[in-house]
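The file query_20.tsv comes next; it holds TSV, C-alpha atoms.
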```tsv
chain	number	residue	atom	x	y	z
A	159	MET	CA	28.66	-52.61	24.36
A	160	SER	CA	26.15	-55.12	25.68
A	161	ASP	CA	25.16	-58.13	23.63
A	162	LYS	CA	21.68	-56.73	23.13
A	163	GLU	CA	22.80	-53.23	22.15
A	164	PRO	CA	22.87	-52.70	18.36
A	165	MET	CA	26.26	-51.65	17.02
A	166	TRP	CA	24.90	-48.42	15.53
A	167	ASP	CA	23.67	-47.31	18.97
A	168	SER	CA	27.21	-47.55	20.32
A	169	LEU	CA	28.60	-44.95	17.91
A	170	PRO	CA	29.51	-41.66	19.59
A	171	PRO	CA	27.02	-38.82	18.95
A	172	GLU	CA	29.77	-36.74	17.33
A	173	ILE	CA	30.32	-39.37	14.64
A	174	LEU	CA	26.60	-39.87	14.09
A	175	THR	CA	26.11	-36.13	13.72
A	176	HIS	CA	28.94	-35.98	11.18
A	177	VAL	CA	27.34	-38.79	9.17
A	178	PHE	CA	23.76	-37.51	9.36
A	179	LEU	CA	24.75	-34.04	8.14
A	180	ARG	CA	25.94	-35.56	4.88
A	181	LEU	CA	22.85	-37.61	4.16
A	182	PRO	CA	19.96	-36.52	1.94
A	183	ILE	CA	17.14	-35.16	4.03
A	184	LYS	CA	14.83	-38.08	3.17
A	185	SER	CA	17.45	-40.50	4.48
A	186	ILE	CA	17.78	-38.51	7.71
A	187	VAL	CA	14.03	-38.73	8.27
A	188	THR	CA	14.19	-42.49	7.60
A	189	CYS	CA	16.96	-42.80	10.20
A	190	THR	CA	14.56	-41.64	12.91
A	191	SER	CA	12.90	-45.06	12.60
A	192	VAL	CA	16.11	-47.04	13.10
A	193	SER	CA	16.42	-46.58	16.85
A	194	LYS	CA	15.24	-44.41	19.70
A	195	ASN	CA	18.75	-43.00	20.16
A	196	TRP	CA	18.97	-41.91	16.53
A	197	LYS	CA	15.51	-40.39	16.66
A	198	SER	CA	16.38	-38.48	19.82
A	199	LEU	CA	19.58	-37.11	18.29
A	200	ILE	CA	18.00	-36.10	14.96
A	201	GLN	CA	14.97	-34.45	16.56
A	202	ASN	CA	17.12	-32.54	19.04
A	203	PRO	CA	16.79	-28.77	18.38
A	204	SER	CA	20.58	-28.49	18.48
A	205	PHE	CA	21.00	-30.96	15.60
A	206	ILE	CA	18.15	-29.34	13.62
A	207	SER	CA	19.94	-25.99	13.97
A	208	THR	CA	23.33	-27.49	13.03
A	209	HIS	CA	21.80	-29.18	9.99
A	210	LEU	CA	20.21	-25.89	8.87
A	211	HIS	CA	23.50	-24.00	9.20
A	212	HIS	CA	25.33	-26.75	7.30
A	213	HIS	CA	22.91	-26.68	4.36
A	214	SER	CA	22.58	-22.90	4.30
A	215	SER	CA	26.34	-22.54	3.85
A	216	SER	CA	26.70	-25.29	1.23
A	217	ASN	CA	27.24	-24.65	-2.48
A	218	ASN	CA	23.99	-26.34	-3.45
A	219	HIS	CA	21.33	-23.76	-4.21
A	220	LEU	CA	17.66	-24.48	-4.71
A	221	LEU	CA	14.72	-22.51	-6.08
A	222	LEU	CA	11.14	-23.19	-5.00
A	223	PHE	CA	8.27	-22.67	-7.42
A	224	ARG	CA	4.54	-23.11	-7.05
A	225	LEU	CA	3.51	-23.87	-10.60
A	226	CYS	CA	0.56	-24.85	-12.68
A	227	PRO	CA	-0.07	-28.56	-11.90
A	228	ASN	CA	-0.65	-29.48	-15.54
A	229	GLU	CA	1.89	-28.04	-17.95
A	230	ASP	CA	-0.09	-29.07	-21.02
A	231	THR	CA	-3.41	-27.44	-20.20
A	232	ILE	CA	-4.72	-24.29	-18.63
A	233	CYS	CA	-4.79	-24.48	-14.84
A	234	GLU	CA	-8.06	-24.59	-13.01
A	235	LYS	CA	-8.71	-23.15	-9.55
A	236	HIS	CA	-9.63	-26.52	-8.07
A	237	GLU	CA	-6.45	-28.33	-9.11
A	238	ARG	CA	-4.11	-29.58	-6.42
A	239	GLU	CA	-1.21	-27.24	-5.78
A	240	VAL	CA	2.27	-28.45	-6.79
A	241	TYR	CA	5.52	-27.14	-5.31
A	242	THR	CA	8.75	-27.93	-7.19
A	243	LEU	CA	12.41	-27.50	-6.26
A	244	TYR	CA	14.96	-26.78	-9.00
A	245	TRP	CA	18.73	-26.68	-8.79
A	246	ASP	CA	20.22	-23.23	-9.26
A	247	ASN	CA	23.89	-24.13	-9.72
A	248	ASN	CA	26.59	-24.13	-12.36
A	249	ASN	CA	28.18	-27.50	-13.20
A	250	SER	CA	31.91	-28.29	-13.57
A	251	ASN	CA	31.90	-26.81	-17.09
A	252	ASN	CA	30.35	-23.60	-15.73
A	253	GLU	CA	27.14	-24.48	-17.56
A	254	GLU	CA	23.82	-23.76	-15.93
A	255	ASP	CA	22.20	-26.61	-14.03
A	256	PHE	CA	18.50	-25.78	-13.91
A	257	ASN	CA	16.95	-29.19	-13.38
A	258	GLU	CA	14.16	-30.44	-11.19
A	259	HIS	CA	15.35	-31.69	-7.81
A	260	THR	CA	12.07	-32.85	-6.32
A	261	ARG	CA	8.42	-31.90	-6.09
A	262	PHE	CA	5.84	-31.86	-3.33
A	263	ASP	CA	2.10	-32.26	-3.60
A	264	SER	CA	0.31	-29.99	-1.21
A	265	PRO	CA	-1.24	-31.88	1.71
A	266	PHE	CA	-3.95	-29.21	1.73
A	267	PRO	CA	-5.97	-29.81	-1.48
A	268	ALA	CA	-8.65	-27.28	-2.27
A	269	GLN	CA	-12.06	-28.53	-1.26
A	270	SER	CA	-13.81	-25.89	-3.32
A	271	GLY	CA	-13.08	-22.86	-5.45
A	272	SER	CA	-13.23	-20.67	-2.35
A	273	VAL	CA	-10.35	-22.41	-0.58
A	274	ILE	CA	-7.15	-21.10	-2.16
A	275	LEU	CA	-3.88	-20.96	-0.24
A	276	ARG	CA	-1.58	-18.01	-0.75
A	277	VAL	CA	2.15	-18.36	-0.15
A	278	VAL	CA	3.10	-15.63	2.31
A	279	GLY	CA	6.79	-16.49	2.22
A	280	THR	CA	9.46	-19.06	2.93
A	281	CYS	CA	12.26	-19.10	5.48
A	282	ASN	CA	14.71	-21.85	6.53
A	283	GLY	CA	12.71	-24.55	4.75
A	284	LEU	CA	9.33	-23.47	6.14
A	285	LEU	CA	6.50	-22.18	3.98
A	286	CYS	CA	3.92	-19.86	5.46
A	287	LEU	CA	0.55	-20.34	3.76
A	288	ALA	CA	-2.53	-18.16	4.15
A	289	ARG	CA	-6.15	-18.90	3.36
A	290	ASP	CA	-7.14	-15.29	2.77
A	291	LEU	CA	-7.21	-14.76	-1.00
A	292	LEU	CA	-10.95	-14.77	-1.46
A	293	SER	CA	-12.21	-14.16	2.04
A	294	TYR	CA	-11.52	-12.60	5.44
A	295	ASP	CA	-10.60	-16.02	6.82
A	296	SER	CA	-7.05	-15.27	7.98
A	297	SER	CA	-5.82	-18.78	8.74
A	298	TYR	CA	-2.09	-19.49	8.57
A	299	ILE	CA	-0.19	-22.74	8.14
A	300	LEU	CA	3.54	-23.29	8.63
A	301	TRP	CA	4.63	-26.25	6.51
A	302	ASN	CA	7.95	-27.99	5.96
A	303	PRO	CA	7.40	-30.11	2.84
A	304	CYS	CA	10.77	-31.88	3.17
A	305	VAL	CA	9.80	-33.58	6.43
A	306	ARG	CA	6.03	-33.48	5.85
A	307	LYS	CA	5.35	-31.53	9.00
A	308	PHE	CA	2.92	-28.67	9.42
A	309	THR	CA	1.28	-26.63	12.11
A	310	ARG	CA	-1.61	-24.21	12.08
A	311	THR	CA	-1.28	-20.94	13.95
A	312	SER	CA	-3.74	-19.81	16.55
A	313	LYS	CA	-6.40	-17.32	15.44
A	314	PRO	CA	-5.20	-13.74	14.85
A	315	ILE	CA	-6.49	-10.92	17.04
A	316	VAL	CA	-7.90	-8.79	14.22
A	317	SER	CA	-10.76	-10.43	12.32
A	318	TYR	CA	-13.87	-9.39	10.44
A	319	CYS	CA	-15.98	-10.23	13.49
A	320	THR	CA	-13.94	-8.03	15.82
A	321	HIS	CA	-12.99	-5.09	13.59
A	322	GLY	CA	-15.13	-5.22	10.45
A	323	GLY	CA	-13.65	-4.99	6.94
A	324	PHE	CA	-9.91	-4.63	6.52
A	325	GLU	CA	-6.98	-4.89	4.14
A	326	GLU	CA	-3.92	-6.77	5.28
A	327	THR	CA	-0.43	-7.63	4.21
A	328	THR	CA	1.45	-10.46	5.86
A	329	GLY	CA	5.09	-11.41	6.19
A	330	PHE	CA	7.05	-14.36	7.56
A	331	GLY	CA	10.60	-14.60	8.83
A	332	PHE	CA	13.04	-15.74	11.50
A	333	ASP	CA	14.08	-13.81	14.58
A	334	SER	CA	17.69	-14.84	15.26
A	335	LYS	CA	17.71	-13.04	18.62
A	336	THR	CA	15.07	-15.33	20.10
A	337	ASN	CA	15.49	-18.28	17.70
A	338	ASP	CA	11.82	-17.97	16.80
A	339	TYR	CA	9.74	-17.91	13.62
A	340	LYS	CA	7.27	-15.05	13.35
A	341	VAL	CA	4.26	-14.13	11.22
A	342	VAL	CA	3.54	-10.40	11.01
A	343	ARG	CA	0.16	-8.96	9.96
A	344	VAL	CA	-0.19	-5.30	9.03
A	345	VAL	CA	-3.90	-4.50	8.90
A	346	ARG	CA	-5.68	-1.36	7.75
A	347	LEU	CA	-9.24	-1.10	9.05
A	348	LEU	CA	-11.73	-0.06	6.37
A	349	ASP	CA	-14.99	0.45	8.25
A	350	ARG	CA	-13.83	2.46	11.22
A	351	GLU	CA	-10.92	3.68	13.29
A	352	ASP	CA	-10.14	1.81	16.47
A	353	GLU	CA	-10.55	3.26	19.96
A	354	ASP	CA	-7.13	4.89	19.81
A	355	GLY	CA	-8.05	6.71	16.59
A	356	SER	CA	-5.80	4.58	14.41
A	357	SER	CA	-6.82	2.49	11.41
A	358	LEU	CA	-3.45	0.67	11.22
A	359	LYS	CA	-2.87	-2.43	13.33
A	360	VAL	CA	0.22	-4.63	13.56
A	361	GLU	CA	0.18	-8.04	15.23
A	362	VAL	CA	2.92	-10.63	15.56
A	363	TYR	CA	2.63	-14.42	15.87
A	364	SER	CA	5.35	-16.42	17.63
A	365	LEU	CA	5.79	-20.10	16.76
A	366	ALA	CA	7.51	-20.65	20.13
A	367	THR	CA	4.47	-19.52	22.13
A	368	ASP	CA	1.71	-20.09	19.52
A	369	GLU	CA	0.30	-16.67	20.42
A	370	TRP	CA	-0.49	-13.40	18.66
A	371	ARG	CA	0.16	-10.03	20.28
A	372	MET	CA	-0.32	-6.45	19.18
A	373	VAL	CA	2.48	-3.99	18.50
A	374	THR	CA	1.27	-0.71	19.99
A	375	THR	CA	4.22	1.67	19.81
A	376	GLY	CA	5.92	3.42	16.92
A	377	LEU	CA	3.14	2.84	14.37
A	378	PRO	CA	3.20	5.31	11.45
A	379	SER	CA	0.09	7.43	10.98
A	380	GLY	CA	-1.84	8.16	7.83
A	381	CYS	CA	-0.29	5.39	5.72
A	382	VAL	CA	-1.88	2.78	3.49
A	383	VAL	CA	-0.59	-0.73	2.84
A	384	ARG	CA	-1.66	-2.63	-0.21
A	385	GLY	CA	-3.33	-5.88	0.78
A	386	ARG	CA	-1.67	-9.23	0.17
A	387	GLU	CA	1.39	-7.97	-1.68
A	388	PRO	CA	4.50	-10.10	-1.12
A	389	LEU	CA	6.95	-8.93	1.56
A	390	ALA	CA	10.72	-9.23	1.44
A	391	PHE	CA	12.60	-10.74	4.39
A	392	VAL	CA	16.26	-9.73	4.46
A	393	ASN	CA	18.73	-8.68	7.17
A	394	GLY	CA	16.37	-9.79	9.92
A	395	ALA	CA	13.53	-7.52	8.83
A	396	LEU	CA	10.38	-7.59	6.71
A	397	HIS	CA	9.90	-4.97	4.00
A	398	TRP	CA	6.81	-3.91	2.08
A	399	ILE	CA	5.45	-0.98	0.07
A	400	ALA	CA	3.30	1.61	1.84
A	401	PHE	CA	1.71	4.89	0.73
A	402	ARG	CA	1.00	8.16	2.47
A	403	ARG	CA	-1.35	10.84	1.14
A	404	THR	CA	0.18	14.31	0.96
A	405	THR	CA	-1.54	17.66	1.55
A	406	THR	CA	-1.88	18.09	-2.24
A	407	ASN	CA	-3.81	14.82	-2.59
A	408	LYS	CA	-0.82	13.05	-4.05
A	409	PHE	CA	0.59	9.76	-2.84
A	410	GLN	CA	4.08	9.37	-1.43
A	411	SER	CA	5.36	5.80	-1.55
A	412	PHE	CA	8.02	4.32	0.71
A	413	VAL	CA	9.31	1.02	2.08
A	414	MET	CA	7.99	0.17	5.53
A	415	VAL	CA	10.46	-1.97	7.51
A	416	PHE	CA	9.63	-4.16	10.49
A	417	ASP	CA	12.59	-5.53	12.44
A	418	LEU	CA	11.68	-8.97	13.81
A	419	GLY	CA	14.14	-8.70	16.69
A	420	ASP	CA	13.36	-5.23	18.02
A	421	GLU	CA	9.81	-5.19	16.60
A	422	VAL	CA	10.33	-1.57	15.58
A	423	ILE	CA	9.00	0.03	12.39
A	424	ARG	CA	11.13	2.34	10.29
A	425	GLU	CA	11.00	3.72	6.72
A	426	ILE	CA	13.21	3.64	3.63
A	427	ALA	CA	12.58	6.20	0.87
A	428	LEU	CA	11.95	5.09	-2.70
A	429	PRO	CA	13.31	6.80	-5.83
A	430	GLU	CA	11.83	10.28	-6.15
A	431	PHE	CA	10.50	9.36	-9.58
A	432	LEU	CA	7.93	7.08	-7.94
A	433	ASN	CA	6.47	9.71	-5.63
A	434	GLY	CA	3.71	12.23	-6.17
A	435	PHE	CA	1.38	10.16	-8.34
A	436	ASP	CA	-2.29	11.07	-8.42
A	437	GLY	CA	-4.95	9.60	-6.19
A	438	ASP	CA	-6.61	7.83	-9.10
A	439	GLN	CA	-3.34	5.95	-9.64
A	440	TYR	CA	-3.40	4.56	-6.11
A	441	TRP	CA	-3.40	1.01	-7.44
A	442	VAL	CA	-0.20	1.41	-9.42
A	443	ARG	CA	1.49	-1.94	-8.84
A	444	MET	CA	4.69	-1.85	-6.82
A	445	SER	CA	6.20	-4.67	-4.81
A	446	ILE	CA	9.46	-5.28	-3.01
A	447	SER	CA	11.81	-8.24	-3.35
A	448	VAL	CA	15.12	-9.50	-1.98
A	449	TYR	CA	18.14	-8.68	-4.14
A	450	LYS	CA	21.31	-10.30	-2.77
A	451	ASN	CA	21.55	-8.77	0.74
A	452	SER	CA	19.52	-5.75	-0.21
A	453	LEU	CA	16.22	-4.84	-1.89
A	454	ALA	CA	14.70	-4.62	-5.33
A	455	LEU	CA	11.58	-2.78	-6.43
A	456	PHE	CA	9.20	-4.05	-9.12
A	457	HIS	CA	7.18	-1.18	-10.58
A	458	GLN	CA	4.42	-2.25	-12.93
A	459	GLN	CA	2.72	0.41	-15.05
A	460	ASP	CA	-0.69	-0.60	-16.39
A	461	PHE	CA	-1.75	2.69	-17.91
A	462	SER	CA	-0.97	4.50	-21.17
A	463	SER	CA	2.47	2.88	-21.58
A	464	PRO	CA	2.35	-0.60	-20.00
A	465	CYS	CA	5.77	-1.73	-18.84
A	466	LEU	CA	7.70	-3.31	-15.99
A	467	ASN	CA	10.48	-1.30	-14.33
A	468	ILE	CA	12.97	-2.98	-12.01
A	469	TRP	CA	15.04	-0.99	-9.52
A	470	VAL	CA	17.69	-2.30	-7.11
A	471	MET	CA	19.11	-0.77	-3.96
A	472	LYS	CA	22.81	-1.50	-4.44
A	473	GLU	CA	23.65	-0.71	-0.80
A	474	TYR	CA	21.11	-1.70	1.83
A	475	VAL	CA	19.36	1.31	3.48
A	476	ASP	CA	21.39	3.71	1.30
A	477	GLU	CA	18.47	5.51	-0.34
A	478	SER	CA	20.75	7.19	-2.86
A	479	SER	CA	21.79	3.81	-4.28
A	480	TRP	CA	18.43	3.04	-5.94
A	481	THR	CA	19.20	2.25	-9.59
A	482	LYS	CA	16.86	1.30	-12.43
A	483	ILE	CA	18.30	-1.79	-14.11
A	484	VAL	CA	15.74	-2.73	-16.73
A	485	THR	CA	12.44	-1.76	-18.35
A	486	MET	CA	10.32	-4.40	-20.07
A	487	VAL	CA	7.67	-3.13	-22.48
A	488	ASP	CA	4.65	-5.20	-23.46
A	489	ASP	CA	5.14	-5.95	-27.16
A	490	GLN	CA	2.33	-8.48	-27.57
A	491	GLY	CA	-0.67	-6.22	-27.28
A	492	PHE	CA	-1.75	-7.41	-23.85
A	493	ARG	CA	-2.07	-3.92	-22.44
A	494	GLU	CA	-3.66	-5.07	-19.19
A	495	PHE	CA	-1.16	-7.83	-18.58
A	496	VAL	CA	2.36	-6.54	-18.12
A	497	PRO	CA	5.11	-9.14	-17.50
A	498	ARG	CA	5.45	-9.76	-13.77
A	499	ALA	CA	8.76	-10.07	-11.91
A	500	LEU	CA	8.82	-12.85	-9.30
A	501	GLY	CA	12.30	-12.50	-7.78
A	502	PHE	CA	16.01	-13.05	-8.30
A	503	ARG	CA	18.24	-16.05	-8.76
A	504	ARG	CA	21.62	-16.48	-7.10
A	505	SER	CA	23.31	-15.23	-10.29
A	506	GLY	CA	21.34	-11.98	-10.12
A	507	GLU	CA	19.08	-12.91	-13.04
A	508	VAL	CA	15.43	-12.06	-12.50
A	509	ILE	CA	12.59	-14.54	-12.98
A	510	ILE	CA	9.78	-13.06	-15.12
A	511	GLU	CA	6.29	-14.48	-15.62
A	512	MET	CA	4.83	-13.64	-19.03
A	513	HIS	CA	1.12	-13.14	-19.69
A	514	ASP	CA	0.64	-16.80	-20.69
A	515	GLY	CA	2.44	-18.11	-17.59
A	516	GLU	CA	5.73	-18.87	-19.35
A	517	LEU	CA	8.68	-18.26	-17.02
A	518	ILE	CA	11.92	-16.74	-18.28
A	519	SER	CA	15.23	-15.85	-16.63
A	520	LEU	CA	16.46	-12.40	-17.64
A	521	HIS	CA	20.05	-11.18	-17.38
A	522	PHE	CA	19.49	-7.47	-16.91
A	523	GLU	CA	22.98	-6.35	-18.01
A	524	SER	CA	22.98	-8.13	-21.38
A	525	HIS	CA	19.14	-8.12	-21.64
A	526	LYS	CA	19.41	-11.74	-22.80
A	527	TYR	CA	16.86	-14.19	-21.49
A	528	LYS	CA	16.39	-17.94	-21.21
A	529	VAL	CA	13.08	-19.77	-21.38
A	530	LEU	CA	13.04	-22.02	-18.32
A	531	GLY	CA	10.59	-24.55	-19.73
A	532	ILE	CA	8.22	-24.29	-16.79
A	533	THR	CA	4.81	-22.68	-16.59
A	534	GLY	CA	3.14	-20.59	-13.92
A	535	TYR	CA	-0.51	-19.71	-13.62
A	536	GLY	CA	-0.33	-16.69	-15.92
A	537	TYR	CA	-3.31	-14.37	-16.13
A	538	ILE	CA	-6.04	-16.99	-16.10
A	539	PHE	CA	-7.65	-15.58	-12.97
A	540	ASP	CA	-8.91	-12.16	-12.04
A	541	HIS	CA	-5.97	-9.78	-12.54
A	542	SER	CA	-6.63	-8.10	-9.20
A	543	ILE	CA	-5.72	-11.24	-7.27
A	544	ASN	CA	-3.23	-12.83	-9.65
A	545	GLY	CA	0.26	-12.10	-8.43
A	546	ASN	CA	-0.88	-12.05	-4.85
A	547	GLY	CA	-0.69	-15.76	-4.37
A	548	TYR	CA	-0.75	-18.01	-7.42
A	549	THR	CA	2.63	-18.45	-9.14
A	550	PHE	CA	5.28	-18.24	-6.44
A	551	PHE	CA	9.07	-18.26	-6.54
A	552	ASP	CA	11.79	-17.94	-3.90
A	553	SER	CA	15.17	-19.35	-2.95
A	554	TYR	CA	14.91	-22.36	-0.69
A	555	VAL	CA	17.00	-24.41	1.74
A	556	GLU	CA	16.09	-27.93	2.81
A	557	SER	CA	15.79	-28.22	6.58
A	558	LEU	CA	14.51	-30.31	9.46
A	559	VAL	CA	12.59	-27.47	11.11
A	560	LEU	CA	9.34	-28.77	12.69
A	561	LEU	CA	10.65	-32.36	12.70
A	562	ASP	CA	10.59	-32.27	16.49
A	563	LYS	CA	6.95	-31.20	16.60
A	564	PRO	CA	3.70	-33.11	15.95
A	565	ASN	CA	1.44	-32.11	13.08
A	566	ARG	CA	-1.29	-29.76	14.21
A	567	ALA	CA	-4.60	-30.44	12.45
A	568	VAL	CA	-5.56	-28.23	9.52
A	569	THR	CA	-9.27	-28.13	8.75
A	570	TYR	CA	-11.38	-26.20	6.32
```
I'd like the structure from this file rewritten - as structure tokens, please.
Amino acid sequence: MSDKEPMWDSLPPEILTHVFLRLPIKSIVTCTSVSKNWKSLIQNPSFISTHLHHHSSSNNHLLLFRLCPNEDTICEKHEREVYTLYWDNNNSNNEEDFNEHTRFDSPFPAQSGSVILRVVGTCNGLLCLARDLLSYDSSYILWNPCVRKFTRTSKPIVSYCTHGGFEETTGFGFDSKTNDYKVVRVVRLLDREDEDGSSLKVEVYSLATDEWRMVTTGLPSGCVVRGREPLAFVNGALHWIAFRRTTTNKFQSFVMVFDLGDEVIREIALPEFLNGFDGDQYWVRMSISVYKNSLALFHQQDFSSPCLNIWVMKEYVDESSWTKIVTMVDDQGFREFVPRALGFRRSGEVIIEMHDGELISLHFESHKYKVLGITGYGYIFDHSINGNGYTFFDSYVESLVLLDKPNRAVTY
């Protein structure tokens, strides 16, 4: 070691890596300012990947919520978005530890009531945000709040200017085959069919290349996707609800699956009970969610008998394993506002948002529930867009993804 070389720069990379992996993520980011050698090691894609694997396999589990910024008053559309991490562990006495870990203010405050960001999904510490709730402006942002890094995707291929009106649903996930993060848009054209006679378009964005490209083979015909419903990313594939009109003017519902590695679309059948509903019930609310390493279905009835039905697929892709686990009936007289399921905790309990925004954790076997003491947005906005982007919940892992990249400007 030379006289001018700091002692910490003489430590072998193996030891430094061992130490860095055990530091809180804020401390790791701070360490990038200590020396050029430390910064180079921490921002190396190999270390970022090792850090992600280390934290993903740890016993510390986190839940990410986008909640109402002010818990004491009704939320307003123009308020700054707040994202909060909560622990989802049991302590040494096997008692639940549901406490706030940290919170992040969005670096993208709404400039007006028309600029509202929807959470498309989260994967490996990244959030995918869309600016499409109240307009056809399909802009996407990938944001890692832990390291305060974000990037804006290039412009999608399908837009209002190029294809006219459309409905879209969007998903976000990680392709382990190419070590790449992908955004997938499934678009149904409303004004016209395209030159090939199809109204369904699928395009994929790659973070590695910052480019969109169309998927042109294996697209199902005659199906409808409900715009801006949440997608479930599990087992390397995105899943969402789609409908197909039958010859008797009924609707057959199914799960459309898009494998991020092979970029092939396939289908999974839903319980027979959910098929064959009338055309005027097209907007029956169904959404898909991750349940352990499989899927769950949230079926929300808003008609004569308002209720929330929750089904789980106990064995992934085994269509015979769909099982209804719980039915929640509205008992407060809010016939238009059925409780809304957000997703599952590590324990298997389901997070439910009540009509007033109160969040509860429901154990579906005992039917016992706990009030979590946190508040979502509730039904303060138009019911047709609530649930497609306001209160958000998902499991979360802290990561260094994007730390090796510069912020790419986000403008409104």
Report task. Could you please determine the separation between atom CA of Ile510 of chain A and atom CA of Met444 of chain A in Å, to one decimal place? Result -> 14.8 Å
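Nearest to Glu511 of chain A of all the residues A:Thr327, A:Thr374, A:Thr549, A:Ser447 is A:Thr549, counting all atoms listed in the file.
Shortest separation to Ile399 of chain A among A:Thr328, A:Thr188, A:Ser168, A:Thr367 occurs at residue A:Thr328, atoms counted being all atoms listed in the file.
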Each segment 471-490 of chain A residue no farther than 12 Å from segment 519-535 of chain A, nearest pair in Å, only C-alpha atoms, as a tab-separated table:
```
residue	atom	partner	partner_atom	distance
A:Lys482	CA	A:Phe522	CA	10.2
A:Ile483	CA	A:Phe522	CA	6.4
A:Val484	CA	A:Phe522	CA	6.0
A:Thr485	CA	A:Phe522	CA	9.2
A:Met486	CA	A:His525	CA	9.7
```
Query raised in the report: Which distance in Å separates atom CA of Asp349 of chain A and atom CA of Arg310 of chain A, to one decimal?
Result: 28.3 Å
**Report entry** For Trp480 of chain A, the nearest of the candidates A:Ala288, A:Leu428, A:Ala390, A:Val240, counting only C-alpha atoms
**Finding:** A:Leu428
Requested in this report: List every protein, DNA or RNA residue that has an atom no more than 9 Å from (18.8, -10.2, 21.6) in the file's coordinate frame, counting all atoms listed in the file, and report them as a VMD selection string.
Outcome: chain A and resid 334 to 336 419 to 420
